[in-house]
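Asker: Got a structure for you, written out below as structure tokens; questions coming shortly.
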There are 2 protein chains.
Amino acid sequence: MIVPGNTLGILGGGQLGRMIAMAAAQLGLRTHIYAPEANSPAFDVSAEYTVASYEDEEALARFARSVDVITYEFENVPGATAAILGAHAPLAPNARALAVTQDRLEEKNFIAKLGIPTAPYAAVATEAELAEAVDRIGRPAVLKTRRFGYDGKGQAMIRPDSDLGAAFKAVGEAASILEGFVPFERELSVVAARTAAGDFAAYDLCANEHRDHILDVTRVPAGVSDATGKRAVMIARAIADALDYVGVLAVELFLVQTEEGESLVVNEIAPRVHNSGHWTLGGARTSQFEQHVRAVCGWPLGSPARLGRVEMHNLIGEEANTWERILAEPDAQLHLYGKAQARAGRKMGHVTRVFPEAP
Amino acid sequence: MIVPGNTLGILGGGQLGRMIAMAAAQLGLRTHIYAPEANSPAFDVSAEYTVASYEDEEALARFARSVDVITYEFENVPGATAAILGAHAPLAPNARALAVTQDRLEEKNFIAKLGIPTAPYAAVATEAELAEAVDRIGRPAVLKTRRFGYDGKGQAMIRPDSDLGAAFKAVGEAASILEGFVPFERELSVVAARTAAGDFAAYDLCANEHRDHILDVTRVPAGVSDATGKRAVMIARAIADALDYVGVLAVELFLVQTEEGESLVVNEIAPRVHNSGHWTLGGARTSQFEQHVRAVCGWPLGSPARLGRVEMHNLIGEEANTWERILAEPDAQLHLYGKAQARAGRKMGHVTRVFPEAP
């Protein structure tokens with residue numbers, strides 16, 4: 001059993017690892033970050049860190065032996081890496097969660113098998129398969145590489161006039177998946193936690209707005225019916241149970257208005273704390289980062305109760321330069337990630353605003 | 001001007017330094033801890049640390065040159081140490097706040113000069129002076145060393161039957177102060193922040209219960225009249241202004257019931273974040289640790305608004321072993337300090353419970 005004073009190993013040194021490390025420290029755990037990049041933001045708040053590649057078997061084994069339990073901040077942990085780590089220390093979420101979510105085709109198949117709606121999709125390995133898939137699914141559609149895509153990278157839109165050869169080249173002619181267009185009203189996500197004992201706790205459903213394929217704003221409540229809110233939590237629970245999931249996960253959803261009312265389509269599963277859950281830090285009784293640590297350690301889950309109406313804005317690139325104005329706002333909570341350079345498109349921080357609940 | 005990405009130097013590696021460091025990290029600052037003890041709890045959440053004594057002039061100068069601004073977690077920073085640091089980087093709170101508060105006689109004189117009530121007191125340098133002082137102030141009274149006392153150490157009670165020679169020996173025959181007994185109803189404290197520009201923000205007055213001279217419970221609101229709450233804030237502001245204070249300070253007060261109603265007597269000033277302000281972490285819009293960092297950096301102060309009725313319990317020694325039960329409570333927020341050994345009397349963590357405000 002993990003107890004305070006033990007060490008949590010975290011794969012990945014970005015802002016998610018950083019905020020997990022701070023939550024772990026609050027609960028009396030030491031942390032050890034493993035990341036390939038020198039000067040990773042999470043190093044500044046951890047007791048120990050290792051700079052090495054995810055393929056460095058010796059460094060991975062040394063890291064895993066030095067910690068009591070291991071988690072990660074990103075879903076693209078290679079399977080071989082997970083296997084090496086898992087040989088020395090418990091890994092949570094488990095290797096299955098990684099295998100399913102790091103391949104968009106596996107993920108869609110997994111969701112569909114649970115009877116949960118997804119966008120129409122087809123596997124695409126060649127330009128000929130792309131043409132067939134487009135015939136079947138129709139335009140517009142999105143071609144995405146099966147693996148290693150995020151924030152809109154490795155994607156090509158298939159519009160009425162798009163050239164399929166060019167689209168296939170745009171994704172590097174990699175094994176891909178074509179996803180049909182979902183005429184959604186709104187992008188939603190549900191962030192939830194599950195323990196090894198099967199305990200489960202979900203945060204309120206939230207509404208997300210993206211800009212340039214990067215999350216811009218999250219609002220809670222999401223402005224949907226209670227039934228939709230409950231349905232989202234049921235979906236998250238079914239997914240978590242089927243994966244025997246341990247930790248926080250996020251399920252990204254599309255809200256579709258049909259003649260019968262609101263319906264939900266799963267877009268993607270993130271087997272980790274998630275940007276759309278940042279509002280819970282200061283906006284809920286227990287932050288997603290603390291909740292993740294509790295789950296990973298096998299400790300009781302905390303209350304996911306919301307503290308008011310919450311808005312979370314990402315501070316992308318030079319938006320972070322507004323920090324001083326944000327500090328002067330009485331309702332704003334500023335979080336900066338300690339990144340040296342405010343490059344365009346880079347997540348530099350976020351701001352959470354908690355308001356009294358609308359009557 | 002201090003900006004995110006700069007480094008905050010913190011003198012002292014205990015739980016206060018640790019929680020200041022975490023608040024600084026949230027705002028994008030790097031931290032560098034300076035402490036004499038290896039394995040200090042704050043090291044685990046800081047980017048850099050130096051293990052050296054407070055008398056090591058070379059290490060102090062190297063530390064001060066490596067940071068952009070310096071603060072501390074304890075009031076007993078030697079004057080010579082403050083002078084060395086201040087030559088290389090801004091020190092906040094300033095050296096005057098240290099000089100006044102690390103000498104109980106200076107402190108009492110300073111408070112009295114502001115026209116703020118204190119317990120009756122007298123300087124005691126010899127056993128003969130002690131006898132005179134006891135004649136004047138009466139019994140019971142407390143003999144305290146002028147310098148370097150905390151949590152009841154360096155103190156001797158003078159009861160009706162106490163031997164004065166033994167009492168003077170008990171405080172090491174050091175330069176001391178005799179304090180008359182204040183027949184108080186309750187122990188209170190006010191935690192507040194002031195910036196170099198003179199901005200000021202106070203948290204709600206809180207009520208404190210001690211056990212074995214160590215803070216056990218803090219409750220907010222304190223259950224006193226509005227007038228007393230306002231008077232406490234005025235006292236804190238007068239003290240902060242007179243010291244040209246920068247940062248968070250705590251003023252410990254006695255509540256006395258007189259025929260005219262409630263009155264306040266200042267017990268002690270702590271020029272730092274304070275145990276009785278731990279409730280603000282999760283119980284107020286801005287924690288005292290973030291507020292301290294904001295003030296020290298010259299940034300706008302945050303809102304001190306309270307989020308409900310709050311109780312903070314210290315976890316002393318083996319009380320920390322109840323961590324798992326606390327984690328299972330929906331209203332409880334657990335904070336553990338990462339200390340290896342749960343020695344008797346050692347502050348291992350605290351738990352904050354936030355309840356809906358009483359109607």
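Following the order of the structure tokens, chains are lettered A, B, ..., residues in each are numbered from 1, and ligands are numbered from 1.
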Residues of region 135-240 of chain A classed as alpha helix (DSSP H) by DSSP on the backbone are to be reported as number ranges by chain.

Answerer: A: 135-137, 164-170, 226-240

Asker: May I have the residues from that selection written out with N, CA and C atoms, as a CSV table (one decimal), in the first residue's frame?

Answerer:
```
chain,number,residue,atom,x,y,z
A,135,ASP,N,-16.1,7.7,-49.9
A,135,ASP,CA,-17.3,7.3,-50.6
A,135,ASP,C,-18.4,6.9,-49.6
A,136,ARG,N,-17.9,6.1,-48.6
A,136,ARG,CA,-18.9,5.6,-47.6
A,136,ARG,C,-19.3,6.6,-46.6
A,137,ILE,N,-18.4,7.4,-46.1
A,137,ILE,CA,-18.7,8.3,-44.9
A,137,ILE,C,-19.1,9.6,-45.4
A,164,LEU,N,-7.7,14.0,-52.4
A,164,LEU,CA,-7.4,13.0,-51.4
A,164,LEU,C,-6.0,12.6,-51.3
A,165,GLY,N,-5.3,12.6,-52.5
A,165,GLY,CA,-3.8,12.4,-52.5
A,165,GLY,C,-3.1,13.3,-51.6
A,166,ALA,N,-3.5,14.6,-51.7
A,166,ALA,CA,-2.8,15.7,-50.9
A,166,ALA,C,-3.1,15.5,-49.5
A,167,ALA,N,-4.4,15.1,-49.2
A,167,ALA,CA,-4.8,14.9,-47.8
A,167,ALA,C,-4.0,13.7,-47.2
A,168,PHE,N,-3.8,12.6,-47.9
A,168,PHE,CA,-3.1,11.5,-47.4
A,168,PHE,C,-1.6,11.8,-47.2
A,169,LYS,N,-1.0,12.7,-48.1
A,169,LYS,CA,0.3,13.2,-47.9
A,169,LYS,C,0.4,14.0,-46.7
A,170,ALA,N,-0.6,14.8,-46.4
A,170,ALA,CA,-0.6,15.8,-45.3
A,170,ALA,C,-0.5,15.0,-44.0
A,226,ASP,N,-30.1,17.9,-17.4
A,226,ASP,CA,-29.7,17.0,-16.4
A,226,ASP,C,-29.5,15.6,-17.0
A,227,ALA,N,-30.4,15.2,-17.9
A,227,ALA,CA,-30.3,13.8,-18.4
A,227,ALA,C,-29.0,13.7,-19.2
A,228,THR,N,-28.6,14.7,-20.0
A,228,THR,CA,-27.4,14.7,-20.7
A,228,THR,C,-26.2,14.6,-19.8
A,229,GLY,N,-26.3,15.4,-18.7
A,229,GLY,CA,-25.2,15.3,-17.7
A,229,GLY,C,-25.0,13.9,-17.2
A,230,LYS,N,-26.1,13.3,-16.8
A,230,LYS,CA,-26.1,12.0,-16.3
A,230,LYS,C,-25.6,10.9,-17.3
A,231,ARG,N,-26.0,11.1,-18.5
A,231,ARG,CA,-25.6,10.2,-19.6
A,231,ARG,C,-24.1,10.3,-19.8
A,232,ALA,N,-23.6,11.5,-19.7
A,232,ALA,CA,-22.1,11.7,-19.9
A,232,ALA,C,-21.3,10.9,-18.8
A,233,VAL,N,-21.9,11.0,-17.6
A,233,VAL,CA,-21.2,10.3,-16.5
A,233,VAL,C,-21.3,8.8,-16.7
A,234,MET,N,-22.4,8.3,-17.1
A,234,MET,CA,-22.6,6.9,-17.4
A,234,MET,C,-21.6,6.4,-18.4
A,235,ILE,N,-21.4,7.2,-19.5
A,235,ILE,CA,-20.5,6.9,-20.5
A,235,ILE,C,-19.0,6.8,-19.9
A,236,ALA,N,-18.7,7.8,-19.2
A,236,ALA,CA,-17.3,7.8,-18.6
A,236,ALA,C,-17.1,6.6,-17.7
A,237,ARG,N,-18.2,6.2,-16.9
A,237,ARG,CA,-18.1,5.1,-16.0
A,237,ARG,C,-17.9,3.8,-16.8
A,238,ALA,N,-18.7,3.7,-17.9
A,238,ALA,CA,-18.7,2.4,-18.7
A,238,ALA,C,-17.3,2.3,-19.3
A,239,ILE,N,-16.7,3.4,-19.7
A,239,ILE,CA,-15.3,3.3,-20.3
A,239,ILE,C,-14.3,3.0,-19.2
A,240,ALA,N,-14.4,3.6,-18.1
A,240,ALA,CA,-13.4,3.4,-17.0
A,240,ALA,C,-13.5,2.0,-16.5
```

Asker: From a backbone DSSP assignment, name each residue in region 71-289 of chain B labelled strand (DSSP E), as number ranges by chain.

Answerer: B: 71-72, 121-124, 141-145, 155-158, 176-180, 186-194, 200-202, 206-211, 214-220, 247-258, 261-270

Asker: Can you tell me which residues surround region 20-26 of chain B at a distance of at most 8 Å, considering only C-alpha atoms, apart from same-chain residues fewer than 2 positions away, and format the answer as a ChimeraX atom specification?

Answerer: /A:22,44-45,334-338 /B:8,10,16-18,28-31,42,45-46,289-290,292-293

Asker: Can I have chain B aligned to chain A? Use a least-squares fit on all Cα atoms paired in order and write it out as a compact mmCIF listing (two decimals) with C-alpha atoms, in the first residue's frame.

Answerer:
```
# COMPACT_ATOMS: atom_id res chain seq x y z
CA MET B 1 0.00 -0.02 -0.04
CA ILE B 2 1.17 3.49 -0.87
CA VAL B 3 1.53 5.79 2.16
CA PRO B 4 2.58 9.40 2.64
CA GLY B 5 6.37 9.60 2.44
CA ASN B 6 6.41 7.20 -0.51
CA THR B 7 7.48 8.43 -3.93
CA LEU B 8 5.22 8.92 -6.92
CA GLY B 9 7.00 8.61 -10.26
CA ILE B 10 5.59 10.77 -13.05
CA LEU B 11 6.35 10.29 -16.73
CA GLY B 12 6.37 13.66 -18.46
CA GLY B 13 7.53 17.03 -17.19
CA GLY B 14 4.97 19.45 -18.60
CA GLN B 15 2.27 21.40 -16.82
CA LEU B 16 0.16 18.31 -16.15
CA GLY B 17 3.06 16.54 -14.46
CA ARG B 18 3.83 19.75 -12.60
CA MET B 19 0.32 20.06 -11.20
CA ILE B 20 0.18 16.34 -10.34
CA ALA B 21 3.49 16.75 -8.49
CA MET B 22 2.17 19.68 -6.47
CA ALA B 23 -0.98 17.75 -5.53
CA ALA B 24 1.17 14.79 -4.50
CA ALA B 25 3.34 17.03 -2.33
CA GLN B 26 0.25 18.43 -0.61
CA LEU B 27 -0.57 14.85 0.40
CA GLY B 28 2.94 14.22 1.76
CA LEU B 29 4.30 12.23 -1.18
CA ARG B 30 7.68 12.75 -2.75
CA THR B 31 7.79 12.94 -6.54
CA HIS B 32 10.28 11.89 -9.17
CA ILE B 33 9.74 13.23 -12.70
CA TYR B 34 11.04 11.40 -15.78
CA ALA B 35 11.18 13.47 -18.95
CA PRO B 36 13.41 13.76 -22.01
CA GLU B 37 13.55 17.57 -22.01
CA ALA B 38 16.01 19.43 -19.77
CA ASN B 39 14.38 22.26 -17.80
CA SER B 40 10.95 20.63 -17.86
CA PRO B 41 8.42 22.72 -15.87
CA ALA B 42 7.63 19.87 -13.47
CA PHE B 43 11.26 19.56 -12.33
CA ASP B 44 10.92 22.80 -10.36
CA VAL B 45 8.36 21.29 -7.96
CA SER B 46 9.66 17.74 -7.64
CA ALA B 47 12.09 16.16 -5.21
CA GLU B 48 13.95 14.32 -7.98
CA TYR B 49 14.07 14.21 -11.72
CA THR B 50 15.61 12.17 -14.49
CA VAL B 51 16.33 13.57 -17.93
CA ALA B 52 16.35 10.63 -20.34
CA SER B 53 14.48 9.39 -23.38
CA TYR B 54 11.47 7.10 -23.14
CA GLU B 55 13.53 4.51 -25.00
CA ASP B 56 16.40 4.49 -22.50
CA GLU B 57 15.76 1.09 -20.90
CA GLU B 58 18.42 1.45 -18.23
CA ALA B 59 17.23 4.90 -17.11
CA LEU B 60 13.61 3.70 -17.12
CA ALA B 61 14.42 0.71 -14.94
CA ARG B 62 16.47 2.84 -12.52
CA PHE B 63 13.63 5.36 -12.32
CA ALA B 64 11.00 2.67 -11.76
CA ARG B 65 13.04 1.04 -8.99
CA SER B 66 13.40 4.39 -7.20
CA VAL B 67 9.65 5.04 -6.89
CA ASP B 68 6.66 3.29 -5.31
CA VAL B 69 4.05 3.84 -8.00
CA ILE B 70 4.18 5.40 -11.48
CA THR B 71 1.77 7.53 -13.45
CA TYR B 72 2.04 9.68 -16.57
CA GLU B 73 0.84 12.95 -17.99
CA PHE B 74 0.41 11.92 -21.63
CA GLU B 75 -1.15 9.01 -23.47
CA ASN B 76 1.66 8.44 -25.96
CA VAL B 77 3.86 6.47 -23.56
CA PRO B 78 5.27 3.69 -25.81
CA GLY B 79 4.07 0.19 -24.96
CA ALA B 80 7.66 -1.00 -24.49
CA THR B 81 8.25 1.83 -22.02
CA ALA B 82 5.15 0.88 -20.06
CA ALA B 83 6.27 -2.75 -19.97
CA ILE B 84 9.73 -1.89 -18.58
CA LEU B 85 8.27 0.39 -15.92
CA GLY B 86 5.51 -2.06 -14.99
CA ALA B 87 8.09 -4.75 -14.27
CA HIS B 88 9.43 -2.70 -11.35
CA ALA B 89 6.52 -0.68 -9.96
CA PRO B 90 2.74 -0.45 -10.38
CA LEU B 91 1.73 1.67 -13.38
CA ALA B 92 -1.54 3.57 -13.22
CA PRO B 93 -3.50 4.03 -15.44
CA ASN B 94 -2.64 0.57 -16.75
CA ALA B 95 -0.97 -0.44 -20.03
CA ARG B 96 -4.34 -1.36 -21.55
CA ALA B 97 -5.59 2.22 -21.17
CA LEU B 98 -2.48 3.37 -23.03
CA ALA B 99 -2.81 0.78 -25.80
CA VAL B 100 -6.46 1.60 -26.42
CA THR B 101 -6.17 5.37 -26.35
CA GLN B 102 -2.93 5.91 -28.24
CA ASP B 103 -4.42 4.38 -31.38
CA ARG B 104 -7.47 6.24 -32.68
CA LEU B 105 -8.75 3.13 -34.48
CA GLU B 106 -8.42 0.90 -31.41
CA GLU B 107 -10.12 3.59 -29.37
CA LYS B 108 -13.08 3.92 -31.73
CA ASN B 109 -13.48 0.13 -31.88
CA PHE B 110 -13.35 -0.05 -28.08
CA ILE B 111 -16.01 2.65 -27.66
CA ALA B 112 -18.26 1.21 -30.34
CA LYS B 113 -18.10 -2.23 -28.70
CA LEU B 114 -19.45 -0.67 -25.50
CA GLY B 115 -22.50 0.46 -27.48
CA ILE B 116 -21.51 4.13 -27.10
CA PRO B 117 -21.96 6.36 -30.18
CA THR B 118 -18.89 7.67 -32.01
CA ALA B 119 -18.49 9.56 -35.25
CA PRO B 120 -18.70 7.26 -38.30
CA TYR B 121 -15.15 6.03 -38.99
CA ALA B 122 -13.03 3.82 -41.20
CA ALA B 123 -9.46 2.57 -41.14
CA VAL B 124 -7.25 4.05 -43.87
CA ALA B 125 -3.87 2.54 -44.74
CA THR B 126 -3.60 3.51 -48.41
CA GLU B 127 -4.86 6.23 -50.70
CA ALA B 128 -7.23 3.69 -52.26
CA GLU B 129 -8.70 2.91 -48.84
CA LEU B 130 -9.08 6.62 -48.23
CA ALA B 131 -11.12 6.97 -51.43
CA GLU B 132 -13.35 4.05 -50.41
CA ALA B 133 -13.77 5.47 -46.91
CA VAL B 134 -14.70 8.90 -48.23
CA ASP B 135 -17.25 7.30 -50.55
CA ARG B 136 -18.83 5.51 -47.60
CA ILE B 137 -18.65 8.23 -44.92
CA GLY B 138 -19.06 11.28 -47.14
CA ARG B 139 -17.61 14.79 -46.93
CA PRO B 140 -16.71 16.76 -44.91
CA ALA B 141 -14.62 14.32 -42.91
CA VAL B 142 -11.29 14.38 -41.07
CA LEU B 143 -8.32 12.17 -41.78
CA LYS B 144 -6.22 11.57 -38.66
CA THR B 145 -3.15 9.48 -38.07
CA ARG B 146 -3.99 6.52 -35.84
CA ARG B 147 -1.15 7.39 -33.47
CA PHE B 148 0.64 10.36 -31.89
CA GLY B 149 -1.65 13.24 -32.81
CA TYR B 150 -2.66 16.02 -30.48
CA ASP B 151 -3.94 19.62 -30.62
CA GLY B 152 -4.83 19.23 -34.29
CA LYS B 153 -1.44 17.94 -35.48
CA GLY B 154 -1.41 14.95 -37.87
CA GLN B 155 -4.85 15.82 -39.24
CA ALA B 156 -6.23 16.79 -42.63
CA MET B 157 -9.73 18.05 -43.41
CA ILE B 158 -11.47 16.36 -46.33
CA ARG B 159 -13.70 19.09 -47.75
CA PRO B 160 -15.96 18.79 -50.80
CA ASP B 161 -13.09 19.96 -53.03
CA SER B 162 -10.13 18.39 -51.20
CA ASP B 163 -7.66 16.29 -53.12
CA LEU B 164 -7.42 12.90 -51.40
CA GLY B 165 -3.83 12.30 -52.43
CA ALA B 166 -2.77 15.62 -50.89
CA ALA B 167 -4.72 14.85 -47.72
CA PHE B 168 -3.04 11.45 -47.37
CA LYS B 169 0.35 13.11 -47.88
CA ALA B 170 -0.55 15.73 -45.26
CA VAL B 171 -0.79 12.99 -42.61
CA GLY B 172 2.51 11.53 -43.75
CA GLU B 173 0.83 8.56 -45.49
CA ALA B 174 0.68 7.00 -42.05
CA ALA B 175 -1.86 4.42 -40.89
CA SER B 176 -4.87 6.62 -40.34
CA ILE B 177 -8.55 6.78 -39.60
CA LEU B 178 -11.19 8.73 -41.45
CA GLU B 179 -13.78 10.26 -39.16
CA GLY B 180 -17.13 11.51 -40.44
CA PHE B 181 -18.30 14.97 -39.54
CA VAL B 182 -20.55 15.20 -36.49
CA PRO B 183 -22.87 18.21 -36.70
CA PHE B 184 -22.34 19.13 -33.07
CA GLU B 185 -23.82 22.00 -31.10
CA ARG B 186 -21.11 22.09 -28.51
CA GLU B 187 -17.95 20.31 -27.36
CA LEU B 188 -18.23 18.81 -23.91
CA SER B 189 -16.04 16.75 -21.65
CA VAL B 190 -16.47 14.73 -18.55
CA VAL B 191 -13.54 14.29 -16.17
CA ALA B 192 -13.82 11.41 -13.73
CA ALA B 193 -11.74 9.18 -11.50
CA ARG B 194 -11.80 5.47 -10.78
CA THR B 195 -9.86 3.46 -8.21
CA ALA B 196 -8.63 -0.12 -8.41
CA ALA B 197 -11.45 -1.04 -6.00
CA GLY B 198 -13.96 0.28 -8.57
CA ASP B 199 -14.87 3.49 -6.72
CA PHE B 200 -15.83 6.19 -9.16
CA ALA B 201 -16.36 9.96 -8.93
CA ALA B 202 -17.17 12.32 -11.80
CA TYR B 203 -16.94 16.09 -12.00
CA ASP B 204 -19.79 18.02 -13.53
CA LEU B 205 -19.90 17.94 -17.31
CA CYS B 206 -18.17 20.95 -18.84
CA ALA B 207 -18.42 22.83 -22.13
CA ASN B 208 -15.25 23.51 -24.08
CA GLU B 209 -14.42 26.07 -26.75
CA HIS B 210 -11.38 25.60 -28.94
CA ARG B 211 -9.38 28.09 -30.96
CA ASP B 212 -6.89 26.91 -33.58
CA HIS B 213 -7.48 23.34 -32.35
CA ILE B 214 -6.34 24.27 -28.83
CA LEU B 215 -8.65 24.45 -25.84
CA ASP B 216 -9.45 28.07 -25.12
CA VAL B 217 -12.27 28.15 -22.55
CA THR B 218 -14.00 25.61 -20.32
CA ARG B 219 -17.32 26.49 -18.67
CA VAL B 220 -19.14 24.59 -15.93
CA PRO B 221 -22.05 23.97 -15.79
CA ALA B 222 -22.17 23.08 -19.46
CA GLY B 223 -25.70 24.35 -20.06
CA VAL B 224 -27.16 20.98 -21.00
CA SER B 225 -30.09 19.01 -19.59
CA ASP B 226 -29.67 16.99 -16.40
CA ALA B 227 -30.34 13.86 -18.42
CA THR B 228 -27.40 14.67 -20.72
CA GLY B 229 -25.17 15.34 -17.72
CA LYS B 230 -26.07 11.95 -16.26
CA ARG B 231 -25.64 10.22 -19.61
CA ALA B 232 -22.12 11.68 -19.91
CA VAL B 233 -21.18 10.33 -16.49
CA MET B 234 -22.60 6.90 -17.39
CA ILE B 235 -20.46 6.91 -20.54
CA ALA B 236 -17.33 7.81 -18.58
CA ARG B 237 -18.06 5.12 -16.02
CA ALA B 238 -18.67 2.44 -18.67
CA ILE B 239 -15.35 3.33 -20.33
CA ALA B 240 -13.44 3.40 -17.02
CA ASP B 241 -14.92 0.09 -15.88
CA ALA B 242 -14.19 -1.60 -19.22
CA LEU B 243 -10.55 -0.50 -19.02
CA ASP B 244 -10.26 -1.45 -15.33
CA TYR B 245 -9.05 2.10 -15.18
CA VAL B 246 -7.15 3.62 -12.24
CA GLY B 247 -6.74 7.40 -12.09
CA VAL B 248 -8.40 10.40 -13.67
CA LEU B 249 -9.61 10.17 -17.24
CA ALA B 250 -11.36 12.62 -19.55
CA VAL B 251 -13.93 11.74 -22.18
CA GLU B 252 -14.40 14.38 -24.88
CA LEU B 253 -17.93 14.44 -26.24
CA PHE B 254 -19.96 16.13 -28.95
CA LEU B 255 -23.42 17.38 -28.06
CA VAL B 256 -25.78 16.79 -31.00
CA GLN B 257 -29.29 18.24 -31.20
CA THR B 258 -31.68 15.80 -32.80
CA GLU B 259 -35.43 15.91 -33.14
CA GLU B 260 -35.59 13.64 -30.08
CA GLY B 261 -33.48 16.12 -28.05
CA GLU B 262 -29.82 16.14 -26.93
CA SER B 263 -27.60 13.20 -27.72
CA LEU B 264 -23.90 12.54 -27.05
CA VAL B 265 -21.16 11.22 -29.30
CA VAL B 266 -17.75 10.32 -27.89
CA ASN B 267 -14.90 12.08 -29.65
CA GLU B 268 -11.88 10.88 -27.72
CA ILE B 269 -10.65 9.41 -24.42
CA ALA B 270 -7.68 10.93 -22.59
CA PRO B 271 -6.20 8.50 -20.03
CA ARG B 272 -4.86 11.26 -17.81
CA VAL B 273 -5.68 14.53 -16.13
CA HIS B 274 -6.98 16.85 -18.80
CA ASN B 275 -6.89 20.53 -19.70
CA SER B 276 -10.71 20.67 -19.52
CA GLY B 277 -10.41 19.59 -15.86
CA HIS B 278 -8.14 22.49 -14.84
CA TRP B 279 -11.20 24.33 -13.52
CA THR B 280 -11.39 21.81 -10.68
CA LEU B 281 -8.23 23.37 -9.19
CA GLY B 282 -9.93 26.01 -7.08
CA GLY B 283 -13.34 25.38 -8.65
CA ALA B 284 -14.12 22.01 -7.06
CA ARG B 285 -13.70 20.58 -3.59
CA THR B 286 -10.94 18.26 -4.82
CA SER B 287 -8.81 19.13 -7.86
CA GLN B 288 -8.41 16.60 -10.68
CA PHE B 289 -4.71 16.46 -9.79
CA GLU B 290 -5.34 15.50 -6.17
CA GLN B 291 -8.06 13.11 -7.32
CA HIS B 292 -5.62 11.44 -9.72
CA VAL B 293 -3.02 11.05 -6.97
CA ARG B 294 -5.61 9.60 -4.61
CA ALA B 295 -6.79 7.09 -7.22
CA VAL B 296 -3.28 6.09 -8.28
CA CYS B 297 -2.27 5.53 -4.64
CA GLY B 298 -5.39 3.47 -3.86
CA TRP B 299 -6.66 6.12 -1.44
CA PRO B 300 -10.27 7.25 -1.00
CA LEU B 301 -11.49 9.58 -3.73
CA GLY B 302 -12.29 13.16 -2.75
CA SER B 303 -15.50 15.06 -3.27
CA PRO B 304 -15.89 16.34 -6.84
CA ALA B 305 -18.43 18.95 -5.68
CA ARG B 306 -18.29 22.21 -7.59
CA LEU B 307 -17.77 25.49 -5.68
CA GLY B 308 -19.76 27.75 -8.02
CA ARG B 309 -20.12 28.59 -11.66
CA VAL B 310 -16.62 28.20 -13.07
CA GLU B 311 -14.79 29.43 -16.16
CA MET B 312 -11.28 28.36 -17.07
CA HIS B 313 -9.33 30.24 -19.76
CA ASN B 314 -6.09 28.90 -21.13
CA LEU B 315 -3.28 31.42 -21.44
CA ILE B 316 -1.75 30.60 -24.83
CA GLY B 317 1.53 32.16 -25.93
CA GLU B 318 1.57 35.87 -25.26
CA GLU B 319 -1.77 35.81 -23.44
CA ALA B 320 0.33 34.95 -20.39
CA ASN B 321 1.71 38.48 -20.49
CA THR B 322 -1.62 39.63 -19.02
CA TRP B 323 -0.70 37.98 -15.69
CA GLU B 324 -0.60 41.23 -13.75
CA ARG B 325 -4.08 42.29 -14.88
CA ILE B 326 -5.38 38.85 -13.92
CA LEU B 327 -3.80 39.10 -10.46
CA ALA B 328 -5.76 42.32 -9.91
CA GLU B 329 -9.12 40.60 -10.56
CA PRO B 330 -10.78 39.55 -7.31
CA ASP B 331 -12.46 36.43 -8.76
CA ALA B 332 -9.51 35.15 -10.76
CA GLN B 333 -7.03 32.46 -9.81
CA LEU B 334 -3.85 32.53 -11.86
CA HIS B 335 -1.78 29.47 -12.66
CA LEU B 336 1.48 29.83 -14.57
CA TYR B 337 3.52 26.82 -15.61
CA GLY B 338 7.03 28.21 -15.32
CA LYS B 339 7.76 27.89 -19.04
CA ALA B 340 10.58 30.13 -20.18
CA GLN B 341 9.38 31.08 -23.66
CA ALA B 342 5.88 32.24 -24.56
CA ARG B 343 5.90 30.66 -28.02
CA ALA B 344 2.74 31.02 -30.14
CA GLY B 345 0.35 28.15 -29.44
CA ARG B 346 2.16 27.16 -26.24
CA LYS B 347 0.07 26.63 -23.11
CA MET B 348 1.74 29.00 -20.63
CA GLY B 349 -0.86 28.95 -17.86
CA HIS B 350 -4.53 29.24 -17.16
CA VAL B 351 -6.90 31.37 -15.16
CA THR B 352 -9.92 30.08 -13.26
CA ARG B 353 -12.80 32.32 -12.30
CA VAL B 354 -15.35 31.11 -9.77
CA PHE B 355 -18.65 32.97 -9.54
CA PRO B 356 -21.67 32.44 -7.32
CA GLU B 357 -23.95 29.80 -8.81
CA ALA B 358 -26.65 31.32 -11.05
CA PRO B 359 -30.01 31.13 -9.27
```
